[in-house]
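File shown: query11.txt. Contents: compact mmCIF, C-alpha atoms and all ligand atoms.
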```txt
# COMPACT_ATOMS: atom_id res chain seq x y z
CA MET A 172 -31.97 14.01 -4.59
CA SER A 173 -30.41 11.23 -2.50
CA LYS A 174 -27.74 11.20 0.19
CA LEU A 175 -25.52 8.25 1.09
CA ALA A 176 -24.99 7.56 4.76
CA PRO A 177 -21.77 5.93 5.97
CA ALA A 178 -22.89 3.39 8.62
CA GLY A 179 -20.27 0.92 7.42
CA ALA A 180 -21.29 1.11 3.72
CA ALA A 181 -18.51 -0.02 1.37
CA VAL A 182 -16.76 2.53 -0.84
CA MET A 183 -14.24 1.41 -3.45
CA LEU A 184 -11.04 3.47 -3.76
CA THR A 185 -9.31 2.75 -7.02
CA GLY A 186 -5.64 3.64 -6.59
CA GLY A 187 -6.14 3.46 -2.83
CA ALA A 188 -2.65 2.08 -2.17
CA GLY A 189 -1.10 5.30 -3.51
CA TYR A 190 -0.16 8.65 -2.01
CA ILE A 191 -3.55 10.38 -1.84
CA GLY A 192 -5.61 7.18 -1.79
CA ALA A 193 -4.00 5.83 1.39
CA GLN A 194 -4.71 9.08 3.23
CA THR A 195 -8.26 9.14 1.86
CA ALA A 196 -8.88 5.60 3.12
CA ARG A 197 -8.00 6.80 6.61
CA ALA A 198 -10.41 9.75 6.37
CA LEU A 199 -13.17 7.50 5.03
CA GLU A 200 -12.83 5.00 7.84
CA MET A 201 -12.83 7.79 10.43
CA ALA A 202 -16.08 9.08 8.89
CA GLY A 203 -17.74 5.65 9.26
CA TRP A 204 -17.38 4.26 5.70
CA ARG A 205 -15.81 0.87 4.88
CA PRO A 206 -12.96 1.45 2.38
CA VAL A 207 -12.28 -1.23 -0.25
CA ILE A 208 -8.93 -0.55 -1.89
CA PHE A 209 -8.65 -1.65 -5.52
CA ASP A 210 -5.11 -1.14 -6.84
CA ASN A 211 -2.76 -2.90 -9.25
CA LEU A 212 0.26 -1.93 -7.09
CA SER A 213 2.13 -0.50 -10.08
CA PHE A 214 3.01 2.54 -7.96
CA GLY A 215 1.17 1.81 -4.72
CA ARG A 216 2.30 -0.52 -1.96
CA ARG A 217 0.35 -3.14 -0.03
CA GLU A 218 1.84 -1.69 3.19
CA MET A 219 0.08 1.62 2.47
CA VAL A 220 -3.27 -0.13 2.85
CA ARG A 221 -3.81 0.38 6.56
CA TRP A 222 -7.51 1.13 6.54
CA GLY A 223 -10.02 -1.17 4.85
CA GLU A 224 -9.99 -4.27 2.65
CA PHE A 225 -7.59 -4.81 -0.23
CA VAL A 226 -8.18 -6.20 -3.72
CA GLN A 227 -5.27 -6.35 -6.14
CA GLY A 228 -6.61 -5.59 -9.61
CA ASP A 229 -6.43 -3.30 -12.61
CA VAL A 230 -9.20 -0.83 -13.44
CA ARG A 231 -8.82 -1.75 -17.11
CA ASP A 232 -10.00 -5.27 -16.22
CA VAL A 233 -13.77 -4.82 -16.25
CA ASP A 234 -14.47 -8.33 -14.90
CA ALA A 235 -12.18 -7.81 -11.91
CA VAL A 236 -13.80 -4.45 -11.07
CA ARG A 237 -17.30 -5.93 -11.43
CA GLU A 238 -16.40 -8.85 -9.18
CA ALA A 239 -15.05 -6.55 -6.45
CA LEU A 240 -18.05 -4.20 -6.63
CA LYS A 241 -20.38 -7.15 -6.17
CA ARG A 242 -18.39 -9.01 -3.52
CA TYR A 243 -18.16 -6.01 -1.20
CA GLU A 244 -21.60 -4.55 -2.06
CA VAL A 245 -19.99 -1.25 -2.95
CA VAL A 246 -22.29 1.81 -2.94
CA ALA A 247 -19.89 4.41 -4.41
CA VAL A 248 -16.45 4.71 -6.01
CA LEU A 249 -13.63 7.19 -5.40
CA HIS A 250 -11.52 6.96 -8.55
CA LEU A 251 -7.87 7.80 -7.90
CA ALA A 252 -6.15 5.12 -9.99
CA GLY A 253 -4.04 6.41 -12.82
CA LEU A 254 -0.71 7.73 -13.93
CA LYS A 255 0.22 11.28 -12.96
CA SER A 256 3.62 12.37 -14.24
CA VAL A 257 3.36 15.26 -16.69
CA GLY A 258 6.86 14.58 -18.07
CA LEU A 259 6.34 10.84 -18.64
CA SER A 260 3.00 11.52 -20.28
CA VAL A 261 4.85 13.40 -23.03
CA ALA A 262 7.15 10.42 -23.64
CA ARG A 263 4.43 7.72 -23.30
CA PRO A 264 1.00 9.19 -24.09
CA ASP A 265 -0.19 5.67 -25.04
CA LEU A 266 0.21 4.50 -21.42
CA TYR A 267 -1.55 7.58 -20.06
CA TYR A 268 -4.57 7.20 -22.36
CA ASP A 269 -4.69 3.49 -21.56
CA HIS A 270 -4.62 3.73 -17.73
CA ASN A 271 -6.40 7.05 -17.29
CA VAL A 272 -9.00 7.12 -20.07
CA ALA A 273 -9.54 3.47 -21.05
CA GLY A 274 -9.27 2.54 -17.36
CA THR A 275 -12.07 4.98 -16.50
CA GLY A 276 -14.16 3.55 -19.36
CA SER A 277 -13.88 0.03 -17.90
CA LEU A 278 -14.67 1.28 -14.43
CA LEU A 279 -17.82 3.06 -15.64
CA SER A 280 -19.00 -0.09 -17.48
CA ALA A 281 -18.54 -2.18 -14.36
CA MET A 282 -20.31 0.42 -12.21
CA ARG A 283 -23.24 0.48 -14.60
CA ASP A 284 -23.49 -3.33 -14.63
CA CYS A 285 -23.54 -3.33 -10.82
CA CYS A 286 -25.92 -0.33 -10.43
CA VAL A 287 -23.30 1.74 -8.58
CA ASN A 288 -24.28 5.34 -9.34
CA ARG A 289 -21.97 7.52 -7.27
CA LEU A 290 -18.46 8.50 -8.35
CA VAL A 291 -15.84 10.98 -7.16
CA LEU A 292 -12.92 11.52 -9.55
CA SER A 293 -9.46 12.72 -8.56
CA SER A 294 -8.93 15.25 -11.32
CA SER A 295 -6.32 17.95 -11.60
CA ALA A 296 -5.61 21.63 -12.19
CA ALA A 297 -3.69 20.29 -15.22
CA VAL A 298 -7.02 20.47 -17.12
CA TYR A 299 -6.61 24.27 -17.29
CA GLY A 300 -3.14 24.48 -18.80
CA VAL A 301 -1.16 27.63 -19.27
CA SER A 302 -3.96 29.93 -20.35
CA ALA A 303 -5.68 30.03 -16.94
CA GLY A 304 -2.83 31.32 -14.79
CA GLY A 305 -1.38 34.34 -16.54
CA ALA A 306 0.94 36.60 -14.57
CA ALA A 307 -1.70 39.24 -13.96
CA ASP A 308 -4.43 36.75 -13.07
CA GLY A 309 -5.57 36.11 -9.56
CA PRO A 310 -7.20 32.87 -8.49
CA PHE A 311 -9.37 31.35 -11.22
CA ASP A 312 -12.56 29.36 -10.96
CA GLU A 313 -13.87 26.21 -12.62
CA ASP A 314 -15.12 28.09 -15.71
CA ALA A 315 -11.60 29.22 -16.69
CA PRO A 316 -10.52 28.09 -20.18
CA LYS A 317 -9.36 24.48 -20.49
CA SER A 318 -6.30 24.01 -22.66
CA PRO A 319 -4.18 21.30 -21.04
CA SER A 320 -0.51 21.60 -21.93
CA SER A 321 0.39 17.90 -21.56
CA PRO A 322 -1.03 14.48 -22.49
CA TYR A 323 -1.57 13.98 -18.74
CA GLY A 324 -3.86 17.05 -18.63
CA HIS A 325 -5.64 15.86 -21.79
CA THR A 326 -6.41 12.50 -20.19
CA LYS A 327 -7.80 14.18 -17.07
CA LEU A 328 -10.08 16.45 -19.12
CA ALA A 329 -11.16 13.56 -21.37
CA THR A 330 -11.97 11.54 -18.25
CA GLU A 331 -14.14 14.34 -16.88
CA TRP A 332 -16.05 14.53 -20.20
CA MET A 333 -16.49 10.77 -20.26
CA ILE A 334 -17.88 10.74 -16.72
CA SER A 335 -20.17 13.71 -17.40
CA ALA A 336 -21.64 11.92 -20.45
CA HIS A 337 -22.03 8.71 -18.43
CA CYS A 338 -23.99 10.59 -15.73
CA GLN A 339 -26.32 12.19 -18.27
CA ALA A 340 -26.95 8.96 -20.15
CA PHE A 341 -27.38 6.61 -17.21
CA GLY A 342 -28.60 8.81 -14.34
CA ALA A 343 -25.44 8.46 -12.25
CA SER A 344 -23.99 11.40 -10.33
CA ALA A 345 -20.35 12.41 -10.04
CA ILE A 346 -18.03 15.07 -8.72
CA ALA A 347 -14.55 15.73 -10.15
CA LEU A 348 -12.13 17.23 -7.64
CA ARG A 349 -9.50 19.29 -9.44
CA PHE A 350 -6.51 19.18 -7.10
CA PHE A 351 -3.96 21.97 -7.22
CA ASN A 352 -0.47 21.13 -5.85
CA ALA A 353 -0.91 18.08 -3.60
CA ALA A 354 1.77 18.08 -0.91
CA GLY A 355 2.75 16.91 2.58
CA ALA A 356 2.31 13.57 4.32
CA ASP A 357 0.14 11.97 7.00
CA ALA A 358 0.55 13.96 10.23
CA ASP A 359 1.30 10.73 12.17
CA GLY A 360 3.90 9.67 9.61
CA LEU A 361 1.90 6.60 8.55
CA THR A 362 1.61 7.31 4.81
CA GLY A 363 3.10 9.63 2.23
CA ASP A 364 4.49 9.71 -1.27
CA ILE A 365 6.88 6.80 -1.79
CA ARG A 366 8.64 8.07 -4.91
CA ARG A 367 12.33 8.51 -4.15
CA ASP A 368 12.81 10.45 -7.39
CA ASN A 369 9.88 12.77 -6.73
CA THR A 370 10.06 15.73 -9.09
CA HIS A 371 7.92 18.04 -6.97
CA LEU A 372 9.53 21.08 -5.34
CA ILE A 373 9.00 20.31 -1.63
CA PRO A 374 10.32 16.70 -1.57
CA ARG A 375 13.30 17.83 -3.67
CA LEU A 376 14.10 20.69 -1.28
CA ILE A 377 13.91 18.29 1.65
CA ASP A 378 16.16 15.75 -0.04
CA ALA A 379 18.63 18.54 -0.77
CA ALA A 380 18.55 19.65 2.87
CA LEU A 381 19.07 16.02 3.98
CA GLY A 382 22.03 15.79 1.62
CA GLN A 383 20.23 13.25 -0.60
CA GLY A 384 19.21 13.40 -4.25
CA GLU A 385 20.37 15.65 -7.03
CA PRO A 386 21.23 19.32 -6.42
CA ILE A 387 18.19 21.45 -7.17
CA THR A 388 17.90 23.65 -10.20
CA LEU A 389 14.95 26.03 -10.07
CA PHE A 390 13.14 26.67 -13.32
CA GLY A 391 13.52 30.40 -13.88
CA ASP A 392 13.48 33.51 -11.69
CA ASP A 393 12.42 35.99 -14.35
CA TYR A 394 8.64 35.51 -14.32
CA ASP A 395 6.32 38.48 -13.99
CA THR A 396 5.64 37.74 -10.30
CA PRO A 397 6.78 39.74 -7.23
CA ASP A 398 10.00 37.72 -6.69
CA GLY A 399 10.34 36.36 -10.25
CA SER A 400 9.58 32.71 -9.36
CA CYS A 401 6.45 30.67 -10.13
CA ILE A 402 3.51 30.80 -7.73
CA ARG A 403 1.50 27.70 -6.82
CA ASP A 404 -1.37 26.73 -4.52
CA TYR A 405 -0.16 23.95 -2.17
CA ILE A 406 -2.80 21.74 -0.63
CA HIS A 407 -2.07 19.21 2.12
CA ILE A 408 -3.19 15.64 1.42
CA GLY A 409 -5.18 15.58 4.68
CA ASP A 410 -7.36 18.33 3.22
CA LEU A 411 -7.64 16.45 -0.08
CA ALA A 412 -8.74 13.34 1.80
CA ARG A 413 -11.46 15.31 3.61
CA ALA A 414 -12.61 16.78 0.27
CA HIS A 415 -13.23 13.22 -1.00
CA VAL A 416 -15.30 12.37 2.07
CA ALA A 417 -17.29 15.61 1.73
CA ALA A 418 -17.97 14.89 -1.96
CA LEU A 419 -19.17 11.40 -1.12
CA SER A 420 -21.52 12.68 1.55
CA ALA A 421 -23.11 15.43 -0.58
CA PRO A 422 -26.69 15.03 -1.80
CA ALA A 423 -26.66 13.55 -5.32
CA ILE A 424 -28.90 14.53 -8.22
CA PRO A 425 -29.27 11.76 -10.84
CA GLY A 426 -27.58 12.84 -14.09
CA ALA A 427 -25.52 15.59 -12.42
CA PHE A 428 -21.78 16.06 -12.88
CA GLU A 429 -19.86 18.87 -11.20
CA ALA A 430 -16.17 19.79 -11.24
CA LEU A 431 -14.73 21.61 -8.21
CA ASN A 432 -11.36 23.21 -7.59
CA VAL A 433 -9.57 21.95 -4.48
CA GLY A 434 -7.01 24.50 -3.38
CA THR A 435 -6.46 27.07 -0.67
CA GLY A 436 -6.88 30.19 -2.80
CA VAL A 437 -3.47 31.37 -1.55
CA GLY A 438 -0.39 31.31 -3.75
CA HIS A 439 3.20 30.76 -2.60
CA SER A 440 6.25 31.46 -4.71
CA VAL A 441 9.19 29.07 -5.00
CA PHE A 442 11.23 31.42 -2.82
CA ASP A 443 8.45 31.50 -0.17
CA VAL A 444 8.69 27.71 -0.02
CA ILE A 445 12.47 27.84 0.28
CA ASP A 446 12.20 30.30 3.18
CA VAL A 447 9.76 28.02 5.03
CA ALA A 448 11.94 24.97 4.32
CA GLU A 449 14.93 26.81 5.79
CA ARG A 450 12.97 27.68 8.93
CA VAL A 451 11.49 24.19 9.43
CA LEU A 452 14.58 22.19 8.47
CA GLY A 453 17.11 24.46 10.14
CA ARG A 454 19.22 24.92 7.02
CA ARG A 455 18.77 26.53 3.64
CA PRO A 456 18.59 23.95 0.84
CA ASP A 457 21.23 24.49 -1.86
CA PHE A 458 19.87 25.44 -5.25
CA THR A 459 20.84 27.03 -8.52
CA ILE A 460 18.68 28.93 -10.98
CA GLY A 461 18.20 27.44 -14.43
CA PRO A 462 16.10 28.42 -17.44
CA ARG A 463 12.31 28.36 -17.42
CA ARG A 464 10.65 24.99 -18.05
CA PRO A 465 8.43 25.08 -21.16
CA GLY A 466 4.71 25.03 -20.33
CA ASP A 467 5.06 26.28 -16.72
CA PRO A 468 2.47 29.01 -16.08
CA PRO A 469 3.71 31.81 -13.79
CA ARG A 470 0.80 31.53 -11.39
CA LEU A 471 -1.67 28.70 -10.65
CA VAL A 472 -3.97 29.52 -7.74
CA ALA A 473 -7.46 28.13 -7.20
CA ASP A 474 -10.56 30.12 -6.62
CA ALA A 475 -11.96 27.53 -4.23
CA SER A 476 -15.19 29.31 -3.31
CA ARG A 477 -17.41 26.87 -5.24
CA ILE A 478 -16.37 23.83 -3.19
CA ARG A 479 -16.99 25.75 0.03
CA GLY A 480 -20.54 26.48 -1.11
CA ALA A 481 -21.23 23.04 -2.59
CA LEU A 482 -19.66 20.78 0.03
CA GLY A 483 -18.93 23.02 3.02
CA TRP A 484 -15.26 22.06 2.63
CA ALA A 485 -12.42 24.39 3.59
CA PRO A 486 -8.71 23.65 4.02
CA LYS A 487 -7.53 23.09 7.61
CA GLU A 488 -4.03 21.64 7.31
CA SER A 489 -2.58 23.41 4.28
CA THR A 490 -0.09 25.81 5.81
CA LEU A 491 3.37 25.65 4.23
CA ASP A 492 4.85 24.89 7.66
CA MET A 493 2.58 21.87 8.12
CA ILE A 494 3.28 20.65 4.59
CA VAL A 495 7.07 20.93 4.87
CA GLU A 496 7.14 19.49 8.39
CA THR A 497 5.02 16.41 7.59
CA GLU A 498 6.91 15.74 4.35
CA PHE A 499 10.23 16.10 6.19
CA ASN A 500 9.17 13.64 8.91
CA TRP A 501 7.92 11.20 6.27
CA ARG A 502 11.04 11.28 4.08
CA ARG A 503 13.35 10.47 6.97
CA SER A 504 11.04 7.80 8.46
CA GLU A 505 11.78 4.09 8.57
CA MET A 506 8.54 3.48 6.59
CA PHE A 507 9.73 5.69 3.74
CA ARG A 508 13.15 4.02 3.66
CA ARG A 509 11.49 0.61 3.51
CA LEU A 510 8.79 1.42 0.93
CA ALA A 511 10.36 4.00 -1.35
CA LEU A 512 10.24 3.14 -5.02
CA PRO A 513 13.62 3.19 -6.76
CA PRO A 514 14.07 5.88 -9.43
CA ARG A 515 12.29 4.78 -12.65
N1 LIG B 601 -0.30 13.94 -6.40
C1 LIG B 601 -0.63 15.00 -7.09
O1 LIG B 601 0.10 16.01 -7.10
C2 LIG B 601 -1.93 15.03 -7.87
C3 LIG B 601 -2.41 16.26 -8.31
C4 LIG B 601 -3.60 16.29 -9.06
C5 LIG B 601 -4.29 15.11 -9.31
N2 LIG B 601 -3.80 13.92 -8.87
C6 LIG B 601 -4.54 12.69 -9.20
O2 LIG B 601 -4.85 11.99 -8.00
C7 LIG B 601 -4.82 10.59 -8.24
C8 LIG B 601 -3.94 9.91 -7.19
O3 LIG B 601 -2.65 10.49 -7.25
P1 LIG B 601 -1.48 10.03 -6.28
O4 LIG B 601 -0.61 11.21 -6.10
O5 LIG B 601 -2.04 9.32 -5.11
O6 LIG B 601 -0.74 9.01 -7.24
P2 LIG B 601 -0.08 7.58 -6.91
O7 LIG B 601 0.70 7.19 -8.11
O8 LIG B 601 0.62 7.61 -5.60
O9 LIG B 601 -1.36 6.65 -6.76
C9 LIG B 601 -2.04 6.13 -7.89
C10 LIG B 601 -2.36 4.70 -7.58
O10 LIG B 601 -3.05 4.14 -8.71
C11 LIG B 601 -2.56 2.81 -8.92
N3 LIG B 601 -2.83 2.52 -10.34
C12 LIG B 601 -2.27 3.10 -11.43
N4 LIG B 601 -2.81 2.57 -12.55
C13 LIG B 601 -3.74 1.66 -12.14
C14 LIG B 601 -4.63 0.79 -12.83
N5 LIG B 601 -4.68 0.76 -14.17
N6 LIG B 601 -5.46 0.00 -12.10
C15 LIG B 601 -5.42 0.01 -10.74
N7 LIG B 601 -4.58 0.81 -10.04
C16 LIG B 601 -3.76 1.62 -10.73
C17 LIG B 601 -1.09 2.85 -8.53
O11 LIG B 601 -0.59 1.59 -8.17
C18 LIG B 601 -1.12 3.83 -7.37
O12 LIG B 601 -1.26 3.14 -6.13
C19 LIG B 601 -4.30 10.40 -9.66
O13 LIG B 601 -5.42 10.12 -10.48
C20 LIG B 601 -3.69 11.73 -10.02
O14 LIG B 601 -3.80 12.01 -11.39
C21 LIG B 601 -2.64 13.85 -8.14
```

Now, as a test, write the supplied structure out as structure tokens.
Amino acid sequence: MSKLAPAGAAVMLTGGAGYIGAQTARALEMAGWRPVIFDNLSFGRREMVRWGEFVQGDVRDVDAVREALKRYEVVAVLHLAGLKSVGLSVARPDLYYDHNVAGTGSLLSAMRDCCVNRLVLSSSAAVYGVSAGGAADGPFDEDAPKSPSSPYGHTKLATEWMISAHCQAFGASAIALRFFNAAGADADGLTGDIRRDNTHLIPRLIDAALGQGEPITLFGDDYDTPDGSCIRDYIHIGDLARAHVAALSAPAIPGAFEALNVGTGVGHSVFDVIDVAERVLGRRPDFTIGPRRPGDPPRLVADASRIRGALGWAPKESTLDMIVETEFNWRRSEMFRRLALPPR
């Protein structure tokens, strides 16, 4: 069993110019690591790289990854690069398999060539699909059935399998962090999600309250939940960033792969979120109720006890108030106005 020590050692963050990657770079640097951001800037922005070195490159380009691993003497990789929209993955599964699965294949080849044996993957609760979060179910753990309901979820599960096989074959060690609903922005307003046409509930509620964006239609209020709306587990990106650092610092067993849920274990309904948004923003966002969206499970809440035991990680910043407040500050900041990606 071996343990990496920070002391300025270089860690590559693929996708480190994106929403979660930028925040993770900050947490890494604070913990004493030297972040090396490797990003093709398809969705990330150079201005989001505030902590560490920057290399513009694509994870599917094995030579470019190899070159960066060698140049910076990288000891471990946090792999966040990829595409993440469930809806777009239905329309363009080819792109999702290319960036997420083929991209991970190239990364693993380069890591093997350069004898880099530690990897942390940003995975997703999308690997579980609809079967895990039935109306009567409480929080579910990592052994819940995996039946992803979108090509995006398929690529995340395929990536986990690929990494697990790589570890067994070549003696590497890896942890996949299965994020539940990532939300919020940097508490100092330095980074956040730059998508103007964000489809997630909280940014859309904030845009509605700010009088921007489309009016909100909620997807169904007739689920078998206490108030009829869907229940989700919202996790602040500051907590996600700390989970990456904890995973990196854990003792590693050669050949071992482990997947861990990263959530709070507490579910909030859509109407809970609206109530908090009203309190924090000082006005109730306008919304209408539409039909259910196909494939939306009624309840998705993590049993996050395994990550507490394995890494000693627990959420600290994931209250709904904190999430709504930081996202609100971010979306009306000068930085957001300057960096926001136009609707695609
Ligand atoms: N945000 C969420 O709600 C959420 C939830 C679960 C899992 N995840 C996973 O976390 C990771 C990061 O998500 P995010 O929200 O920061 O997304 P993001 O789109 O903000 O960041 C992804 C980054 O990857 C880069 N990228 C994409 N394809 C690349 C390629 N082929 N080579 C190099 N760089 C590439 C983009 O430019 C971008 O900067 C993703 O893998 C995503 O699937 C995100």

Could you please extract the residues within 7 Å of ligand LIG 601 (chain B), counting all atoms listed in the file, and hand them back as JSON, numbers by chain? {"A": [185, 186, 187, 188, 189, 190, 191, 192, 209, 210, 211, 212, 213, 214, 215, 216, 228, 229, 230, 231, 251, 252, 253, 254, 255, 270, 274, 293, 294, 295, 296, 349, 350, 351, 352, 353, 354, 364]}

Could you tell me, as a CSV table (one decimal) with C-alpha atoms, keeping the file's coordinate frame, which residues have any atom at most 12 Å from (15.1, 28.7, 3.1), counting only C-alpha atoms?
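Contents of result38.csv, freshly written:
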```
chain,number,residue,atom,x,y,z
A,373,ILE,CA,9.0,20.3,-1.6
A,376,LEU,CA,14.1,20.7,-1.3
A,377,ILE,CA,13.9,18.3,1.6
A,379,ALA,CA,18.6,18.5,-0.8
A,380,ALA,CA,18.6,19.6,2.9
A,441,VAL,CA,9.2,29.1,-5.0
A,442,PHE,CA,11.2,31.4,-2.8
A,443,ASP,CA,8.4,31.5,-0.2
A,444,VAL,CA,8.7,27.7,0.0
A,445,ILE,CA,12.5,27.8,0.3
A,446,ASP,CA,12.2,30.3,3.2
A,447,VAL,CA,9.8,28.0,5.0
A,448,ALA,CA,11.9,25.0,4.3
A,449,GLU,CA,14.9,26.8,5.8
A,450,ARG,CA,13.0,27.7,8.9
A,451,VAL,CA,11.5,24.2,9.4
A,452,LEU,CA,14.6,22.2,8.5
A,453,GLY,CA,17.1,24.5,10.1
A,454,ARG,CA,19.2,24.9,7.0
A,455,ARG,CA,18.8,26.5,3.6
A,456,PRO,CA,18.6,24.0,0.8
A,457,ASP,CA,21.2,24.5,-1.9
A,458,PHE,CA,19.9,25.4,-5.2
A,492,ASP,CA,4.8,24.9,7.7
A,495,VAL,CA,7.1,20.9,4.9
```

Expressed in Å to a single decimal, how great is the separation between atom CA of Leu372 of chain A and atom CA of Val291 of chain A?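 Separation of atom CA of Leu372 of chain A and atom CA of Val291 of chain A: 27.4 Å.
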
How many Å lie between atom CA of Lys174 of chain A and atom CA of Leu279 of chain A, rounded to one decimal? 20.4 Å

Show me, as a VMD selection string, the residues that have an atom within 12 Å of His407 of chain A when counting all atoms listed in the file, minus same-chain residues fewer than 4 positions from it. chain A and resid 190 to 191 194 to 195 350 to 358 363 373 411 to 414 433 to 435 485 to 498

Choose the residue, out of A:Ala193, A:Ala511, A:Ala340, A:Leu431, that has the smallest atom-to-atom separation from Arg479 of chain A; count all atoms listed in the file. A:Leu431

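When all atoms listed in the file are used to measure the gap to Gln227 of chain A, the shortest distance among A:Glu385, A:Ile208, A:Arg470, A:Val416 belongs to A:Ile208.
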
At what distance in Å, to one decimal, does atom CA of Asp284 of chain A lie from atom CA of Phe225 of chain A?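 Result for atom CA of Phe225 of chain A versus atom CA of Asp284 of chain A: 21.5 Å, one decimal.
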
Counting only C-alpha atoms, which residue out of A:Glu244, A:Ser335, A:Ala235, A:Thr362 sits closest to Val220 of chain A?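 Between A:Glu244, A:Ser335, A:Ala235, A:Thr362, the residue approaching Val220 of chain A most closely is A:Thr362.
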
Considering all atoms listed in the file, return as a JSON list (two decimals) with C-alpha atoms, in the coordinates of the input whatever protein or nucleic-acid residues lie within 7 Å of segment 240-243 of chain A, sequence-local ones (same chain, fewer than 2 positions apart) excluded.
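result37.json, freshly written:
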```json
[["chain", "number", "residue", "atom", "x", "y", "z"],
["A", 181, "ALA", "CA", -18.51, -0.02, 1.37],
["A", 236, "VAL", "CA", -13.80, -4.45, -11.07],
["A", 237, "ARG", "CA", -17.30, -5.93, -11.43],
["A", 238, "GLU", "CA", -16.40, -8.85, -9.18],
["A", 245, "VAL", "CA", -19.99, -1.25, -2.95],
["A", 285, "CYS", "CA", -23.54, -3.33, -10.82]]
```

Complete the atom set of segment 272-285 of chain A to N, CA, C and O atoms and return it as a PDB file, keeping the file's coordinate frame.
```pdb
ATOM      1  N   VAL A 272      -7.730   6.976 -19.334  1.00  0.00           N
ATOM      2  CA  VAL A 272      -9.000   7.120 -20.070  1.00  0.00           C
ATOM      3  C   VAL A 272      -9.666   5.753 -20.263  1.00  0.00           C
ATOM      4  O   VAL A 272     -10.809   5.553 -19.835  1.00  0.00           O
ATOM      5  N   ALA A 273      -8.941   4.797 -20.860  1.00  0.00           N
ATOM      6  CA  ALA A 273      -9.540   3.470 -21.050  1.00  0.00           C
ATOM      7  C   ALA A 273      -9.881   2.850 -19.694  1.00  0.00           C
ATOM      8  O   ALA A 273     -10.922   2.206 -19.536  1.00  0.00           O
ATOM      9  N   GLY A 274      -9.019   3.073 -18.705  1.00  0.00           N
ATOM     10  CA  GLY A 274      -9.270   2.540 -17.360  1.00  0.00           C
ATOM     11  C   GLY A 274     -10.573   3.097 -16.783  1.00  0.00           C
ATOM     12  O   GLY A 274     -11.361   2.373 -16.163  1.00  0.00           O
ATOM     13  N   THR A 275     -10.819   4.387 -17.000  1.00  0.00           N
ATOM     14  CA  THR A 275     -12.070   4.980 -16.500  1.00  0.00           C
ATOM     15  C   THR A 275     -13.262   4.407 -17.265  1.00  0.00           C
ATOM     16  O   THR A 275     -14.334   4.162 -16.676  1.00  0.00           O
ATOM     17  N   GLY A 276     -13.078   4.148 -18.566  1.00  0.00           N
ATOM     18  CA  GLY A 276     -14.160   3.550 -19.360  1.00  0.00           C
ATOM     19  C   GLY A 276     -14.571   2.193 -18.796  1.00  0.00           C
ATOM     20  O   GLY A 276     -15.756   1.900 -18.624  1.00  0.00           O
ATOM     21  N   SER A 277     -13.578   1.357 -18.467  1.00  0.00           N
ATOM     22  CA  SER A 277     -13.880   0.030 -17.900  1.00  0.00           C
ATOM     23  C   SER A 277     -14.584   0.166 -16.560  1.00  0.00           C
ATOM     24  O   SER A 277     -15.537  -0.547 -16.266  1.00  0.00           O
ATOM     25  N   LEU A 278     -14.082   1.083 -15.756  1.00  0.00           N
ATOM     26  CA  LEU A 278     -14.670   1.280 -14.430  1.00  0.00           C
ATOM     27  C   LEU A 278     -16.146   1.673 -14.557  1.00  0.00           C
ATOM     28  O   LEU A 278     -17.009   1.134 -13.863  1.00  0.00           O
ATOM     29  N   LEU A 279     -16.431   2.602 -15.475  1.00  0.00           N
ATOM     30  CA  LEU A 279     -17.820   3.060 -15.640  1.00  0.00           C
ATOM     31  C   LEU A 279     -18.720   1.912 -16.111  1.00  0.00           C
ATOM     32  O   LEU A 279     -19.868   1.792 -15.670  1.00  0.00           O
ATOM     33  N   SER A 280     -18.194   1.064 -17.011  1.00  0.00           N
ATOM     34  CA  SER A 280     -19.000  -0.090 -17.480  1.00  0.00           C
ATOM     35  C   SER A 280     -19.340  -0.996 -16.312  1.00  0.00           C
ATOM     36  O   SER A 280     -20.483  -1.427 -16.153  1.00  0.00           O
ATOM     37  N   ALA A 281     -18.322  -1.280 -15.496  1.00  0.00           N
ATOM     38  CA  ALA A 281     -18.540  -2.180 -14.360  1.00  0.00           C
ATOM     39  C   ALA A 281     -19.534  -1.559 -13.380  1.00  0.00           C
ATOM     40  O   ALA A 281     -20.414  -2.245 -12.847  1.00  0.00           O
ATOM     41  N   MET A 282     -19.397  -0.257 -13.139  1.00  0.00           N
ATOM     42  CA  MET A 282     -20.310   0.420 -12.210  1.00  0.00           C
ATOM     43  C   MET A 282     -21.745   0.335 -12.724  1.00  0.00           C
ATOM     44  O   MET A 282     -22.684   0.073 -11.970  1.00  0.00           O
ATOM     45  N   ARG A 283     -21.890   0.531 -14.022  1.00  0.00           N
ATOM     46  CA  ARG A 283     -23.240   0.480 -14.600  1.00  0.00           C
ATOM     47  C   ARG A 283     -23.833  -0.925 -14.462  1.00  0.00           C
ATOM     48  O   ARG A 283     -24.987  -1.089 -14.052  1.00  0.00           O
ATOM     49  N   ASP A 284     -23.018  -1.935 -14.751  1.00  0.00           N
ATOM     50  CA  ASP A 284     -23.490  -3.330 -14.630  1.00  0.00           C
ATOM     51  C   ASP A 284     -23.932  -3.634 -13.205  1.00  0.00           C
ATOM     52  O   ASP A 284     -24.820  -4.449 -12.986  1.00  0.00           O
ATOM     53  N   CYS A 285     -23.265  -3.006 -12.230  1.00  0.00           N
ATOM     54  CA  CYS A 285     -23.540  -3.330 -10.820  1.00  0.00           C
ATOM     55  C   CYS A 285     -24.449  -2.285 -10.156  1.00  0.00           C
ATOM     56  O   CYS A 285     -24.597  -2.292  -8.925  1.00  0.00           O
TER      57      CYS A 285
END
```
